[in-house]
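Report on the structure given below.
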Amino acid sequence: MPNSRRPKIGVFDSGVGGLTVLQALIGQVPDADYLYFGDTARLPYGSKSAATVAHYAVGAVRYLQDHGAELLVIACNTATALALPEIKAAAAVEVIGVIEPGADAAVAATRKRKVVVIGTDATISSHAYRQALEMRSVAVREKACPLFVPLVEEGWVEHPVTEQVAKIYLAEAFSDEAQDADVLVLGCTHYPLIKPLLRRVVPEHVAIVDSAESTAHDVARQLQIEPLSDTSKRRGVPGLKFFATDSADKFRRMGTRFLGLPVENVLHVDLKE
C-alpha cells in the first residue's frame, strides 16, 4: 500500500478494549484515518462459541470495509484467537490480528525461552498464544485472569483490590517450572491500562510485552512507514471515526478513558443478525 497518501485503517474489537490498540496505532501511524468498530451490544465475546464470534466479527469487518477500510486490524484477542481464518477469508483487504505480533515481540524479548501469557478465559482456552509461541520454540505458561477486565472497566486501574488480585494471579502464573520465565505477555487489550501496576507486581527480571504496541509496529511495517524514535517530529493528525452497536454515549465516556483522547465522532450502528 503506498505511504504517500493517508491510509484508511479499520480497527475492530468487541468493545472499548481495542482502543488501547488504536492508541498504539496513532502513536506509530498518526497520519492516517481510523475507523473503529466496537461491538458493544454483543460483548463479552469470551463466553461465546467460535462460530458466533466468527459470525459477529465478519459482519463488523464487512461494515468497516464498506466504509473504505484498506487495512483491517483485529484488536480483539478473542476474535483473533477464535476466528482469524474466517475473518481473513471474508475480507478483501489485508488483515492483522493481535496474537502473531504479540508472539513475535515475546520471542524477541525472552532470553530463557520461557514466557507467561495472561488473558481472558476464551483467549487462554483457545491456546492461540501457546501455539504461536511453541511454533517459535518457546515454552509457555498460560493463565486466565477473568477479574482484570471488570476491574479495568470499573476504572480501578490503581486500586488496592486490583493489585491484590494481580498478586494472586501472577504468583500462580510464575510458579513451579514457570518461575524463571522472563517475559509476561498481556494477551488482552484491557491489560495495558494496568501495566504500571503489573510492573510492580511481577519479578524485576520479567519484561512485559503489550500486544497492542507490537501490533502497531506490524501495521507500520505493513504500510512501509518508518517508526520515528522522536515523537516530537511526527506530523499529521489522525482522523477518528467510531462505530458502536450499543449506546454511543456510554462508548464516548468509557472510550475517552481507554484511548486517552476525546472520543467524539461516535455513530450508533445496528448490524442485522
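Letters A, B, ... mark the chains of the C-alpha cells in the order given; residue numbers begin at 1 per chain; ligand numbers begin at 1, in order shown.
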
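Neighbours of A:Thr189 closer than or equal to 8 Å, with only C-alpha atoms counted and sequence neighbours fewer than 5 positions away skipped, come out as Gly17, Gly18, Leu19, Thr20, Val21, Ala75, Cys76, Asn77, Ser211 and Ala212 of chain A.
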
Surrounding residues of stretch 94-100 of chain A excluding itself and chain neighbours under 6 positions, 6 Å, only C-alpha atoms, as a PDB file with N, CA and C atoms, in the first residue's frame:
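Output (selection01.pdb):
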ATOM      1  N   LEU A  71      -7.121  -1.548   5.278  1.00  0.00           N
ATOM      2  CA  LEU A  71      -6.341  -2.482   6.090  1.00  0.00           C
ATOM      3  C   LEU A  71      -7.154  -2.700   7.353  1.00  0.00           C
ATOM      4  N   LEU A  72      -7.258  -3.939   7.801  1.00  0.00           N
ATOM      5  CA  LEU A  72      -8.078  -4.239   8.981  1.00  0.00           C
ATOM      6  C   LEU A  72      -7.210  -4.749  10.114  1.00  0.00           C
ATOM      7  N   VAL A  73      -7.407  -4.176  11.296  1.00  0.00           N
ATOM      8  CA  VAL A  73      -6.709  -4.633  12.496  1.00  0.00           C
ATOM      9  C   VAL A  73      -7.744  -5.246  13.430  1.00  0.00           C
ATOM     10  N   ILE A  74      -7.573  -6.532  13.726  1.00  0.00           N
ATOM     11  CA  ILE A  74      -8.489  -7.198  14.663  1.00  0.00           C
ATOM     12  C   ILE A  74      -7.884  -7.000  16.045  1.00  0.00           C
ATOM     13  N   ALA A  75      -8.373  -5.989  16.757  1.00  0.00           N
ATOM     14  CA  ALA A  75      -7.783  -5.595  18.039  1.00  0.00           C
ATOM     15  C   ALA A  75      -8.280  -6.462  19.186  1.00  0.00           C
ATOM     16  N   THR A  80      -9.382 -12.727  17.399  1.00  0.00           N
ATOM     17  CA  THR A  80      -8.169 -13.185  16.711  1.00  0.00           C
ATOM     18  C   THR A  80      -7.948 -14.662  16.995  1.00  0.00           C
ATOM     19  N   SER A 211       0.725  -6.622  23.437  1.00  0.00           N
ATOM     20  CA  SER A 211       0.461  -6.944  22.029  1.00  0.00           C
ATOM     21  C   SER A 211      -0.129  -5.762  21.260  1.00  0.00           C
ATOM     22  N   THR A 215       1.409  -4.913  17.667  1.00  0.00           N
ATOM     23  CA  THR A 215       0.506  -4.861  16.513  1.00  0.00           C
ATOM     24  C   THR A 215       0.682  -3.551  15.759  1.00  0.00           C
TER      25      THR A 215
END

Please produce, as JSON lines, a per-residue contact table for stretch 137-195 of chain A versus stretch 253-256 of chain A (criterion: any atom at most 10 Å away, only C-alpha atoms considered), showing the nearest atom pair and its distance in Å to one decimal, sorted by chain then residue number.
{"residue": "A:Glu153", "atom": "CA", "partner": "A:Met254", "partner_atom": "CA", "distance": 7.8}
{"residue": "A:Glu154", "atom": "CA", "partner": "A:Met254", "partner_atom": "CA", "distance": 9.5}
{"residue": "A:Gly155", "atom": "CA", "partner": "A:Met254", "partner_atom": "CA", "distance": 9.1}

Could you tell me, as JSON, numbers by chain, which residues of stretch 32-257 of chain A DSSP assigns to strand (DSSP E or B) when given the backbone? {"A": [33, 34, 35, 36, 37, 38, 71, 72, 73, 74, 94, 95, 96, 97, 114, 115, 116, 117, 118, 119, 139, 140, 141, 142, 143, 144, 183, 184, 185, 186, 207, 208, 209, 210, 239, 240, 241, 242, 243, 244]}

DSSP says alpha helix (DSSP H) for which residues of stretch 9-256 of chain A? Put them as a count of residues only? 113

A:Ser126 proximity check over A:Ala79, A:Ala24, A:Ala207, A:Asp246, using only C-alpha atoms: winner is A:Ala79

Residues within 10 Å of A:Lys8, please, as an mmCIF file with N, CA and C atoms, in the first residue's frame. Count only C-alpha atoms; anything in the same chain fewer than 2 positions from it doesn't count.
data_model
loop_
_atom_site.group_PDB
_atom_site.id
_atom_site.type_symbol
_atom_site.label_atom_id
_atom_site.label_comp_id
_atom_site.auth_asym_id
_atom_site.auth_seq_id
_atom_site.Cartn_x
_atom_site.Cartn_y
_atom_site.Cartn_z
ATOM 1 N N ARG A 5 0.009 8.686 0.597
ATOM 2 C CA ARG A 5 -1.270 9.302 0.966
ATOM 3 C C ARG A 5 -1.726 8.679 2.279
ATOM 4 N N ARG A 6 -2.768 9.267 2.846
ATOM 5 C CA ARG A 6 -3.227 8.771 4.148
ATOM 6 C C ARG A 6 -3.933 7.428 4.017
ATOM 7 N N GLY A 10 -9.143 0.220 9.385
ATOM 8 C CA GLY A 10 -10.279 -0.229 10.186
ATOM 9 C C GLY A 10 -9.782 -1.012 11.386
ATOM 10 N N VAL A 11 -10.310 -0.698 12.563
ATOM 11 C CA VAL A 11 -9.922 -1.393 13.797
ATOM 12 C C VAL A 11 -11.190 -1.977 14.415
ATOM 13 N N ASP A 31 -0.541 9.776 10.815
ATOM 14 C CA ASP A 31 -1.048 10.388 9.582
ATOM 15 C C ASP A 31 -1.945 9.401 8.838
ATOM 16 N N ALA A 32 -3.072 9.052 9.463
ATOM 17 C CA ALA A 32 -3.992 8.061 8.884
ATOM 18 C C ALA A 32 -5.409 8.375 9.338
ATOM 19 N N ASP A 33 -6.368 7.806 8.622
ATOM 20 C CA ASP A 33 -7.776 7.916 9.026
ATOM 21 C C ASP A 33 -8.188 6.575 9.624
ATOM 22 N N TYR A 34 -8.710 6.611 10.832
ATOM 23 C CA TYR A 34 -9.073 5.396 11.554
ATOM 24 C C TYR A 34 -10.586 5.258 11.689
ATOM 25 N N LEU A 35 -11.064 4.064 11.397
ATOM 26 C CA LEU A 35 -12.470 3.711 11.620
ATOM 27 C C LEU A 35 -12.463 2.629 12.692
ATOM 28 N N LEU A 64 -16.770 -2.244 8.121
ATOM 29 C CA LEU A 64 -15.595 -1.368 8.035
ATOM 30 C C LEU A 64 -15.083 -1.270 6.599
ATOM 31 N N GLN A 65 -15.102 -2.415 5.911
ATOM 32 C CA GLN A 65 -14.661 -2.433 4.509
ATOM 33 C C GLN A 65 -15.592 -1.588 3.641
ATOM 34 N N HIS A 67 -17.082 0.923 4.509
ATOM 35 C CA HIS A 67 -16.812 2.331 4.811
ATOM 36 C C HIS A 67 -15.397 2.744 4.411
ATOM 37 N N GLY A 68 -14.760 1.909 3.614
ATOM 38 C CA GLY A 68 -13.499 2.322 2.992
ATOM 39 C C GLY A 68 -12.212 1.850 3.638
ATOM 40 N N ALA A 69 -12.294 0.976 4.657
ATOM 41 C CA ALA A 69 -11.061 0.485 5.293
ATOM 42 C C ALA A 69 -10.201 -0.274 4.287
ATOM 43 N N GLU A 70 -8.909 0.098 4.218
ATOM 44 C CA GLU A 70 -7.981 -0.538 3.268
ATOM 45 C C GLU A 70 -7.058 -1.536 3.962
ATOM 46 N N LEU A 71 -7.121 -1.548 5.278
ATOM 47 C CA LEU A 71 -6.341 -2.482 6.090
ATOM 48 C C LEU A 71 -7.154 -2.700 7.353
ATOM 49 N N LEU A 72 -7.258 -3.939 7.801
ATOM 50 C CA LEU A 72 -8.078 -4.239 8.981
ATOM 51 C C LEU A 72 -7.210 -4.749 10.114
ATOM 52 N N GLY A 239 -7.375 11.026 11.675
ATOM 53 C CA GLY A 239 -8.823 11.152 11.554
ATOM 54 C C GLY A 239 -9.448 10.018 12.353
#

Shell around A:Ile168 at 12 Å using only C-alpha atoms, local window under 4 positions removed, as a ChimeraX atom specification: /A:143-145,147-148,161-164,172-175,198,201-202

Go through A:Lys272, A:Arg199, A:His190, A:Lys48 and flag the residue nearest A:Pro146, using only C-alpha atoms for the distances.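 Using only C-alpha atoms, the shortest distance to A:Pro146 belongs to A:His190.
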
Counting only C-alpha atoms, which residue out of A:Asp210, A:Leu133, A:Ala128, A:Pro203 sits closest to A:Lys167?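 When distances to A:Lys167 are compared using only C-alpha atoms, the smallest one comes from A:Pro203.
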
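The closest residue to A:Val185, picked from A:Gly102, A:Pro238, A:Pro150, A:Gly260 and counting only C-alpha atoms, is A:Gly102.
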
For A:Val16, which of A:Thr40, A:Gln224, A:Thr245, A:Ser47 is the closest residue, counting only C-alpha atoms?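 When distances to A:Val16 are compared using only C-alpha atoms, the smallest one comes from A:Thr40.
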
Work out how far apart atom CA of A:Val140 and atom CA of A:Ala106 are and give it in Å to one decimal.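 Calculated distance between atom CA of A:Val140 and atom CA of A:Ala106 is 10.6 Å.
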